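Chemist: CSV, N, CA and C atoms, file query01.csv:
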```csv
chain,number,residue,atom,x,y,z
A,18,MET,N,-104.3,-112.6,-30.0
A,18,MET,CA,-104.2,-112.4,-28.6
A,18,MET,C,-103.3,-111.2,-28.3
A,19,ASP,N,-102.3,-111.0,-29.0
A,19,ASP,CA,-101.4,-109.9,-28.9
A,19,ASP,C,-102.1,-108.6,-29.2
A,20,PHE,N,-103.0,-108.6,-30.2
A,20,PHE,CA,-103.7,-107.4,-30.6
A,20,PHE,C,-104.7,-107.0,-29.6
A,21,GLU,N,-105.3,-107.9,-28.9
A,21,GLU,CA,-106.3,-107.6,-27.9
A,21,GLU,C,-105.6,-106.9,-26.7
A,22,PHE,N,-104.3,-107.3,-26.4
A,22,PHE,CA,-103.6,-106.7,-25.3
A,22,PHE,C,-103.2,-105.3,-25.6
A,23,ILE,N,-102.8,-105.0,-26.9
A,23,ILE,CA,-102.5,-103.7,-27.3
A,23,ILE,C,-103.7,-102.8,-27.3
A,24,ARG,N,-104.8,-103.3,-27.8
A,24,ARG,CA,-106.1,-102.5,-27.8
A,24,ARG,C,-106.5,-102.2,-26.4
A,25,LEU,N,-106.3,-103.1,-25.5
A,25,LEU,CA,-106.7,-102.9,-24.1
A,25,LEU,C,-105.8,-101.8,-23.4
A,26,MET,N,-104.5,-101.9,-23.7
A,26,MET,CA,-103.6,-100.9,-23.2
A,26,MET,C,-103.9,-99.5,-23.8
A,27,ALA,N,-104.2,-99.4,-25.1
A,27,ALA,CA,-104.5,-98.1,-25.7
A,27,ALA,C,-105.8,-97.6,-25.1
A,28,ALA,N,-106.7,-98.4,-24.8
A,28,ALA,CA,-108.0,-97.9,-24.2
A,28,ALA,C,-107.8,-97.4,-22.8
A,29,THR,N,-106.9,-98.0,-22.0
A,29,THR,CA,-106.7,-97.6,-20.6
A,29,THR,C,-105.8,-96.4,-20.6
A,30,THR,N,-104.9,-96.1,-21.5
A,30,THR,CA,-104.0,-95.0,-21.5
A,30,THR,C,-104.5,-93.8,-22.3
A,31,ALA,N,-105.7,-94.0,-23.0
A,31,ALA,CA,-106.1,-92.9,-23.9
A,31,ALA,C,-106.6,-91.7,-23.1
A,32,ASP,N,-107.3,-91.8,-22.0
A,32,ASP,CA,-107.8,-90.7,-21.2
A,32,ASP,C,-107.4,-90.9,-19.7
A,33,PRO,N,-106.3,-90.3,-19.3
A,33,PRO,CA,-105.8,-90.5,-17.9
A,33,PRO,C,-106.8,-89.9,-16.9
A,34,THR,N,-107.5,-88.9,-17.2
A,34,THR,CA,-108.4,-88.3,-16.2
A,34,THR,C,-109.6,-89.2,-15.9
A,35,GLN,N,-109.9,-90.0,-16.8
A,35,GLN,CA,-111.0,-91.0,-16.6
A,35,GLN,C,-110.6,-92.0,-15.5
A,36,GLN,N,-109.3,-92.3,-15.4
A,36,GLN,CA,-108.9,-93.2,-14.4
A,36,GLN,C,-108.7,-92.6,-13.0
A,37,MET,N,-108.4,-91.3,-13.0
A,37,MET,CA,-108.0,-90.6,-11.7
A,37,MET,C,-109.2,-90.6,-10.7
A,38,GLY,N,-110.3,-90.1,-11.1
A,38,GLY,CA,-111.4,-90.0,-10.2
A,38,GLY,C,-111.3,-88.8,-9.3
A,39,TRP,N,-112.4,-88.5,-8.6
A,39,TRP,CA,-112.5,-87.3,-7.7
A,39,TRP,C,-111.6,-87.5,-6.5
A,40,THR,N,-111.5,-88.6,-6.0
A,40,THR,CA,-110.7,-88.7,-4.7
A,40,THR,C,-109.2,-88.4,-4.9
A,41,SER,N,-108.7,-88.9,-6.0
A,41,SER,CA,-107.2,-88.6,-6.3
A,41,SER,C,-107.0,-87.1,-6.6
A,42,ILE,N,-108.0,-86.5,-7.3
A,42,ILE,CA,-107.9,-85.0,-7.6
A,42,ILE,C,-108.0,-84.3,-6.3
A,43,LEU,N,-108.9,-84.7,-5.4
A,43,LEU,CA,-109.1,-84.0,-4.1
A,43,LEU,C,-107.8,-84.1,-3.3
A,44,PHE,N,-107.2,-85.3,-3.2
A,44,PHE,CA,-106.0,-85.5,-2.5
A,44,PHE,C,-104.8,-84.8,-3.0
A,45,SER,N,-104.8,-84.4,-4.3
A,45,SER,CA,-103.7,-83.7,-4.9
A,45,SER,C,-103.9,-82.2,-4.6
A,46,VAL,N,-105.1,-81.7,-4.5
A,46,VAL,CA,-105.4,-80.3,-4.3
A,46,VAL,C,-105.5,-79.9,-2.8
A,47,LEU,N,-105.8,-80.9,-2.0
A,47,LEU,CA,-106.0,-80.6,-0.5
A,47,LEU,C,-104.7,-80.1,0.2
A,48,PRO,N,-103.6,-80.7,-0.1
A,48,PRO,CA,-102.4,-80.1,0.6
A,48,PRO,C,-102.1,-78.7,0.2
A,49,LEU,N,-102.3,-78.3,-1.0
A,49,LEU,CA,-102.1,-76.9,-1.5
A,49,LEU,C,-103.0,-76.0,-0.8
A,50,ALA,N,-104.3,-76.4,-0.7
A,50,ALA,CA,-105.3,-75.5,0.0
A,50,ALA,C,-104.9,-75.4,1.5
A,51,GLY,N,-104.5,-76.5,2.1
A,51,GLY,CA,-104.1,-76.5,3.5
A,51,GLY,C,-102.9,-75.5,3.7
A,52,MET,N,-101.9,-75.5,2.8
A,52,MET,CA,-100.8,-74.6,2.9
A,52,MET,C,-101.2,-73.2,2.8
A,53,LEU,N,-102.1,-72.9,1.9
A,53,LEU,CA,-102.6,-71.5,1.7
A,53,LEU,C,-103.3,-71.0,3.0
A,54,VAL,N,-104.1,-71.9,3.6
A,54,VAL,CA,-104.8,-71.5,4.9
A,54,VAL,C,-103.8,-71.3,6.0
A,55,LEU,N,-102.8,-72.2,6.0
A,55,LEU,CA,-101.8,-72.0,7.1
A,55,LEU,C,-101.0,-70.7,6.9
A,56,PHE,N,-100.6,-70.4,5.7
A,56,PHE,CA,-99.9,-69.1,5.4
A,56,PHE,C,-100.8,-67.9,5.8
A,57,TYR,N,-102.1,-68.0,5.5
A,57,TYR,CA,-102.9,-66.9,5.9
A,57,TYR,C,-102.9,-66.7,7.4
A,58,PHE,N,-103.1,-67.7,8.2
A,58,PHE,CA,-103.2,-67.6,9.6
A,58,PHE,C,-101.9,-67.3,10.3
A,59,LEU,N,-100.8,-67.8,9.7
A,59,LEU,CA,-99.5,-67.6,10.4
A,59,LEU,C,-98.8,-66.3,9.9
A,60,LEU,N,-99.0,-65.9,8.6
A,60,LEU,CA,-98.2,-64.8,8.1
A,60,LEU,C,-99.1,-63.5,7.8
A,61,ILE,N,-100.1,-63.7,7.0
A,61,ILE,CA,-100.8,-62.6,6.4
A,61,ILE,C,-101.7,-61.9,7.5
A,62,ARG,N,-102.5,-62.7,8.2
A,62,ARG,CA,-103.4,-62.1,9.2
A,62,ARG,C,-102.7,-61.4,10.3
A,63,PRO,N,-101.7,-61.9,11.0
A,63,PRO,CA,-101.0,-61.1,12.0
A,63,PRO,C,-100.4,-59.8,11.5
A,64,GLU,N,-99.9,-59.9,10.3
A,64,GLU,CA,-99.3,-58.6,9.7
A,64,GLU,C,-100.3,-57.6,9.5
A,65,LYS,N,-101.5,-58.0,9.0
A,65,LYS,CA,-102.6,-57.0,8.8
A,65,LYS,C,-103.1,-56.4,10.1
A,66,LYS,N,-103.1,-57.2,11.2
A,66,LYS,CA,-103.5,-56.7,12.5
A,66,LYS,C,-102.5,-55.7,13.0
A,67,ARG,N,-101.2,-56.0,12.9
A,67,ARG,CA,-100.2,-55.1,13.3
A,67,ARG,C,-100.2,-53.8,12.6
A,68,ALA,N,-100.4,-53.9,11.3
A,68,ALA,CA,-100.4,-52.7,10.4
A,68,ALA,C,-101.6,-51.8,10.8
A,69,LYS,N,-102.8,-52.4,11.1
A,69,LYS,CA,-104.0,-51.7,11.5
A,69,LYS,C,-103.8,-51.0,12.8
A,70,LYS,N,-103.1,-51.7,13.8
A,70,LYS,CA,-102.8,-51.1,15.1
A,70,LYS,C,-101.9,-49.9,15.0
A,71,GLU,N,-100.9,-50.0,14.1
A,71,GLU,CA,-100.0,-48.9,13.9
A,71,GLU,C,-100.7,-47.7,13.3
A,72,LYS,N,-101.5,-48.0,12.3
A,72,LYS,CA,-102.3,-46.9,11.6
A,72,LYS,C,-103.2,-46.2,12.6
A,73,ASP,N,-103.9,-47.0,13.5
A,73,ASP,CA,-104.7,-46.4,14.5
A,73,ASP,C,-103.9,-45.5,15.4
A,74,MET,N,-102.8,-46.0,15.8
A,74,MET,CA,-101.9,-45.2,16.7
A,74,MET,C,-101.5,-43.9,16.1
A,75,ARG,N,-101.1,-43.9,14.8
A,75,ARG,CA,-100.7,-42.7,14.2
A,75,ARG,C,-101.9,-41.7,13.9
A,76,GLU,N,-103.1,-42.2,13.7
A,76,GLU,CA,-104.2,-41.4,13.5
A,76,GLU,C,-104.7,-40.8,14.8
A,77,ASN,N,-104.4,-41.4,15.9
A,77,ASN,CA,-104.9,-40.9,17.2
A,77,ASN,C,-103.8,-40.1,18.0
A,78,LEU,N,-102.8,-39.7,17.3
A,78,LEU,CA,-101.8,-38.8,17.9
A,78,LEU,C,-102.4,-37.5,18.4
A,79,GLN,N,-101.9,-37.0,19.5
A,79,GLN,CA,-102.4,-35.8,20.0
A,79,GLN,C,-101.2,-34.9,20.4
A,80,VAL,N,-101.5,-33.6,20.5
A,80,VAL,CA,-100.4,-32.7,20.9
A,80,VAL,C,-100.0,-33.0,22.3
A,81,ALA,N,-98.7,-32.9,22.6
A,81,ALA,CA,-98.1,-33.2,23.9
A,81,ALA,C,-97.9,-34.7,24.2
A,82,ASP,N,-98.2,-35.6,23.2
A,82,ASP,CA,-97.9,-37.0,23.4
A,82,ASP,C,-96.3,-37.2,23.3
A,83,GLU,N,-95.8,-38.1,24.1
A,83,GLU,CA,-94.4,-38.5,23.9
A,83,GLU,C,-94.3,-39.6,22.9
A,84,VAL,N,-93.5,-39.4,21.9
A,84,VAL,CA,-93.4,-40.4,20.8
A,84,VAL,C,-92.0,-40.8,20.6
A,85,VAL,N,-91.8,-42.0,20.0
A,85,VAL,CA,-90.5,-42.5,19.5
A,85,VAL,C,-90.5,-42.7,18.0
A,86,THR,N,-89.6,-42.1,17.3
A,86,THR,CA,-89.5,-42.3,15.9
A,86,THR,C,-88.8,-43.6,15.5
A,87,ILE,N,-88.9,-44.0,14.3
A,87,ILE,CA,-88.2,-45.2,13.9
A,87,ILE,C,-86.7,-45.1,13.9
A,88,GLY,N,-86.2,-43.9,14.0
A,88,GLY,CA,-84.8,-43.6,14.1
A,88,GLY,C,-84.3,-43.6,15.6
A,89,GLY,N,-85.3,-43.7,16.5
A,89,GLY,CA,-84.9,-43.7,17.9
A,89,GLY,C,-85.0,-42.4,18.6
A,90,ILE,N,-85.5,-41.4,18.0
A,90,ILE,CA,-85.6,-40.0,18.6
A,90,ILE,C,-86.8,-40.0,19.4
A,91,ILE,N,-86.7,-39.5,20.7
A,91,ILE,CA,-87.8,-39.4,21.6
A,91,ILE,C,-88.1,-38.0,21.8
A,92,GLY,N,-89.4,-37.6,21.7
A,92,GLY,CA,-89.8,-36.2,21.9
A,92,GLY,C,-91.3,-36.1,22.1
A,93,ARG,N,-91.7,-34.8,22.2
A,93,ARG,CA,-93.1,-34.5,22.4
A,93,ARG,C,-93.7,-33.9,21.2
A,94,VAL,N,-94.9,-34.2,20.9
A,94,VAL,CA,-95.6,-33.7,19.7
A,94,VAL,C,-96.0,-32.2,19.9
A,95,LEU,N,-95.6,-31.3,19.0
A,95,LEU,CA,-96.0,-29.9,19.1
A,95,LEU,C,-97.1,-29.6,18.2
A,96,SER,N,-97.1,-30.1,17.0
A,96,SER,CA,-98.2,-29.8,16.1
A,96,SER,C,-98.3,-31.0,15.1
A,97,ILE,N,-99.6,-31.2,14.6
A,97,ILE,CA,-99.9,-32.3,13.7
A,97,ILE,C,-100.5,-31.7,12.5
A,98,GLN,N,-99.9,-32.0,11.3
A,98,GLN,CA,-100.5,-31.7,10.0
A,98,GLN,C,-101.1,-33.0,9.4
A,99,GLU,N,-101.4,-33.0,8.1
A,99,GLU,CA,-102.0,-34.2,7.5
A,99,GLU,C,-101.0,-35.3,7.5
A,100,GLU,N,-99.8,-35.1,7.0
A,100,GLU,CA,-98.8,-36.2,6.8
A,100,GLU,C,-97.6,-36.0,7.7
A,101,THR,N,-97.4,-34.8,8.4
A,101,THR,CA,-96.2,-34.6,9.1
A,101,THR,C,-96.6,-34.2,10.6
A,102,VAL,N,-95.5,-34.4,11.4
A,102,VAL,CA,-95.7,-34.1,12.9
A,102,VAL,C,-94.4,-33.3,13.3
A,103,VAL,N,-94.6,-32.2,14.0
A,103,VAL,CA,-93.4,-31.5,14.6
A,103,VAL,C,-93.2,-32.0,16.0
A,104,VAL,N,-91.9,-32.5,16.2
A,104,VAL,CA,-91.6,-33.1,17.5
A,104,VAL,C,-90.5,-32.3,18.1
A,105,GLU,N,-90.7,-32.0,19.4
A,105,GLU,CA,-89.7,-31.3,20.2
A,105,GLU,C,-88.8,-32.2,21.0
A,106,THR,N,-87.5,-32.1,20.9
A,106,THR,CA,-86.6,-33.1,21.5
A,106,THR,C,-85.7,-32.3,22.5
A,107,GLY,N,-85.3,-33.0,23.5
A,107,GLY,CA,-84.3,-32.4,24.4
A,107,GLY,C,-84.7,-31.2,25.2
A,108,SER,N,-83.8,-30.8,26.2
A,108,SER,CA,-84.1,-29.7,27.0
A,108,SER,C,-83.8,-28.4,26.3
A,109,ASP,N,-83.0,-28.4,25.2
A,109,ASP,CA,-82.8,-27.2,24.5
A,109,ASP,C,-83.8,-26.9,23.4
A,110,ARG,N,-84.9,-27.7,23.4
A,110,ARG,CA,-86.1,-27.5,22.6
A,110,ARG,C,-85.8,-27.5,21.1
A,111,ASN,N,-85.1,-28.5,20.6
A,111,ASN,CA,-84.9,-28.7,19.2
A,111,ASN,C,-86.2,-29.2,18.6
A,112,ARG,N,-86.5,-28.7,17.4
A,112,ARG,CA,-87.8,-29.1,16.8
A,112,ARG,C,-87.4,-29.9,15.5
A,113,ILE,N,-88.1,-31.0,15.3
A,113,ILE,CA,-87.9,-31.8,14.1
A,113,ILE,C,-89.2,-32.1,13.5
A,114,ARG,N,-89.3,-32.0,12.2
A,114,ARG,CA,-90.5,-32.3,11.5
A,114,ARG,C,-90.3,-33.6,10.8
A,115,VAL,N,-91.2,-34.6,11.2
A,115,VAL,CA,-91.1,-35.9,10.7
A,115,VAL,C,-92.4,-36.4,10.1
A,116,LEU,N,-92.4,-37.3,9.2
A,116,LEU,CA,-93.6,-37.9,8.6
A,116,LEU,C,-94.3,-38.7,9.7
A,117,LYS,N,-95.6,-38.8,9.6
A,117,LYS,CA,-96.4,-39.6,10.5
A,117,LYS,C,-96.0,-41.1,10.5
A,118,THR,N,-95.6,-41.5,9.3
A,118,THR,CA,-95.2,-42.9,9.1
A,118,THR,C,-93.9,-43.2,9.8
A,119,ALA,N,-93.1,-42.2,10.2
A,119,ALA,CA,-91.9,-42.4,10.9
A,119,ALA,C,-92.1,-42.5,12.4
A,120,ILE,N,-93.3,-42.4,12.9
A,120,ILE,CA,-93.6,-42.5,14.3
A,120,ILE,C,-93.7,-44.0,14.6
A,121,ALA,N,-92.9,-44.6,15.5
A,121,ALA,CA,-92.9,-46.0,15.8
A,121,ALA,C,-93.8,-46.3,17.0
A,122,GLU,N,-93.8,-45.4,18.0
A,122,GLU,CA,-94.4,-45.7,19.2
A,122,GLU,C,-95.0,-44.5,19.9
A,123,ASN,N,-96.1,-44.6,20.5
A,123,ASN,CA,-96.7,-43.5,21.3
A,123,ASN,C,-96.6,-43.9,22.8
A,124,ARG,N,-95.8,-43.2,23.6
A,124,ARG,CA,-95.6,-43.7,24.9
A,124,ARG,C,-96.6,-43.0,25.9
A,125,THR,N,-97.5,-42.2,25.5
A,125,THR,CA,-98.5,-41.6,26.3
A,125,THR,C,-99.7,-42.4,26.4
A,126,ALA,N,-100.1,-42.7,27.6
A,126,ALA,CA,-101.4,-43.4,27.8
A,126,ALA,C,-102.5,-42.5,27.9
A,127,HIS,N,-103.6,-42.7,27.2
A,127,HIS,CA,-104.8,-41.8,27.2
A,127,HIS,C,-105.9,-42.5,27.9
A,128,ASP,N,-106.8,-41.7,28.4
A,128,ASP,CA,-107.9,-42.2,29.2
A,128,ASP,C,-108.9,-43.0,28.4
A,129,ASP,N,-109.0,-42.7,27.1
A,129,ASP,CA,-110.0,-43.4,26.2
A,129,ASP,C,-109.5,-44.7,25.8
A,130,VAL,N,-108.2,-45.1,26.1
A,130,VAL,CA,-107.7,-46.4,25.7
A,130,VAL,C,-108.0,-47.4,26.8
A,131,GLU,N,-108.5,-48.5,26.4
A,131,GLU,CA,-108.8,-49.6,27.4
A,131,GLU,C,-107.6,-50.1,28.1
A,132,THR,N,-107.7,-50.2,29.4
A,132,THR,CA,-106.6,-50.7,30.2
A,132,THR,C,-106.9,-52.1,30.6
A,133,VAL,N,-105.9,-53.0,30.7
A,133,VAL,CA,-106.0,-54.3,31.1
A,133,VAL,C,-105.6,-54.4,32.6
A,134,THR,N,-106.5,-55.0,33.4
A,134,THR,CA,-106.2,-55.1,34.8
A,134,THR,C,-106.0,-56.6,35.1
A,135,ILE,N,-105.1,-56.9,35.9
A,135,ILE,CA,-104.8,-58.3,36.2
A,135,ILE,C,-105.3,-58.6,37.7
A,136,LYS,N,-106.1,-59.5,37.8
A,136,LYS,CA,-106.7,-59.9,39.2
A,136,LYS,C,-105.7,-60.9,39.8
A,137,LYS,N,-105.5,-60.6,41.1
A,137,LYS,CA,-104.6,-61.6,41.8
A,137,LYS,C,-105.4,-62.5,42.7
```
Take the structure in the file and write it out as structure tokens.
Modeler:
Amino acid sequence: MDFEFIRLMAATTADPTQQMGWTSILFSVLPLAGMLVLFYFLLIRPEKKRAKKEKDMRENLQVADEVVTIGGIIGRVLSIQEETVVVETGSDRNRIRVLKTAIAENRTAHDDVETVTIKK
């Protein structure tokens, strides 16, 4: 009788995947997949949308736009090259050459940009 108990124990512990089944595997993988989906919608997707919006803003810069650099310098665009922009600051007409990636904000509203109207 003792040998039959040992043989039964060896048979049940020999292959643990045979005992698990699909439901337990699904329940162990499901929380991980849920966390990945949550991270995508809360962290990755909004960051990609913000980066695309900034890239579009930098590509659509025009001469005479009022811009703000990441250093806080406010000025008007005088000329645009491939990677750099010449910005004129102040009343004494100082000129600064900055990278396009250093432009944080374009404060000039253009006609081709859609405007949002609020109905009362």
Chemist: So how far away is CA of Tyr57 (chain A) from CA of Asn123 (chain A), in Å?
Modeler: 28.7 Å
Chemist: Between A:Ala126, A:Val103, A:Ala68, A:Leu43, which has the minimum distance to Glu83 (chain A) (counting all atoms listed in the file)?
Modeler: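 Counting all atoms listed in the file, the residue closest to Glu83 (chain A) is A:Ala126.
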Chemist: Between atom N of Ala119 (chain A) and atom N of Pro63 (chain A), measure the distance and give it in Å to one decimal.
Modeler: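 Spanning atom N of Ala119 (chain A) to atom N of Pro63 (chain A) is a straight-line distance of 21.5 Å.
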Chemist: Find the residues near region 84-87 of chain A: any atom within 6 Å, counting all atoms listed in the file, skip ones fewer than 4 places away on the same chain, and give them as a ChimeraX atom specification.
Modeler: /A:91-94,119-124
Chemist: Would you write out those residues with N, CA and C atoms, as a PDB file, keeping the file's coordinate frame?
Modeler:
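Heads up, here's the output in selection.pdb:
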```pdb
ATOM      1  N   ILE A  91     -86.700 -39.500  20.700  1.00  0.00           N
ATOM      2  CA  ILE A  91     -87.800 -39.400  21.600  1.00  0.00           C
ATOM      3  C   ILE A  91     -88.100 -38.000  21.800  1.00  0.00           C
ATOM      4  N   GLY A  92     -89.400 -37.600  21.700  1.00  0.00           N
ATOM      5  CA  GLY A  92     -89.800 -36.200  21.900  1.00  0.00           C
ATOM      6  C   GLY A  92     -91.300 -36.100  22.100  1.00  0.00           C
ATOM      7  N   ARG A  93     -91.700 -34.800  22.200  1.00  0.00           N
ATOM      8  CA  ARG A  93     -93.100 -34.500  22.400  1.00  0.00           C
ATOM      9  C   ARG A  93     -93.700 -33.900  21.200  1.00  0.00           C
ATOM     10  N   VAL A  94     -94.900 -34.200  20.900  1.00  0.00           N
ATOM     11  CA  VAL A  94     -95.600 -33.700  19.700  1.00  0.00           C
ATOM     12  C   VAL A  94     -96.000 -32.200  19.900  1.00  0.00           C
ATOM     13  N   ALA A 119     -93.100 -42.200  10.200  1.00  0.00           N
ATOM     14  CA  ALA A 119     -91.900 -42.400  10.900  1.00  0.00           C
ATOM     15  C   ALA A 119     -92.100 -42.500  12.400  1.00  0.00           C
ATOM     16  N   ILE A 120     -93.300 -42.400  12.900  1.00  0.00           N
ATOM     17  CA  ILE A 120     -93.600 -42.500  14.300  1.00  0.00           C
ATOM     18  C   ILE A 120     -93.700 -44.000  14.600  1.00  0.00           C
ATOM     19  N   ALA A 121     -92.900 -44.600  15.500  1.00  0.00           N
ATOM     20  CA  ALA A 121     -92.900 -46.000  15.800  1.00  0.00           C
ATOM     21  C   ALA A 121     -93.800 -46.300  17.000  1.00  0.00           C
ATOM     22  N   GLU A 122     -93.800 -45.400  18.000  1.00  0.00           N
ATOM     23  CA  GLU A 122     -94.400 -45.700  19.200  1.00  0.00           C
ATOM     24  C   GLU A 122     -95.000 -44.500  19.900  1.00  0.00           C
ATOM     25  N   ASN A 123     -96.100 -44.600  20.500  1.00  0.00           N
ATOM     26  CA  ASN A 123     -96.700 -43.500  21.300  1.00  0.00           C
ATOM     27  C   ASN A 123     -96.600 -43.900  22.800  1.00  0.00           C
ATOM     28  N   ARG A 124     -95.800 -43.200  23.600  1.00  0.00           N
ATOM     29  CA  ARG A 124     -95.600 -43.700  24.900  1.00  0.00           C
ATOM     30  C   ARG A 124     -96.600 -43.000  25.900  1.00  0.00           C
TER      31      ARG A 124
END
```
Chemist: Take CA of Asp82 (chain A) and CA of Thr125 (chain A) and report the distance between them in Å, one decimal.
Modeler: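 Computed distance, CA of Asp82 (chain A) to CA of Thr125 (chain A), equals 5.5 Å.
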Chemist: Point out the residue among A:Arg62, A:Glu100, A:Lys69, A:Val46 with the least atom-to-atom distance to Thr118 (chain A), counting all atoms listed in the file.
Modeler: A:Glu100
Chemist: Name the residues in contact with Val104 (chain A) at a cut-off of 7 Å, using only N, CA and C atoms, excluding same-chain residues fewer than 5 positions from it; report them as number ranges by chain.
Modeler: A: 92-96, 111-115
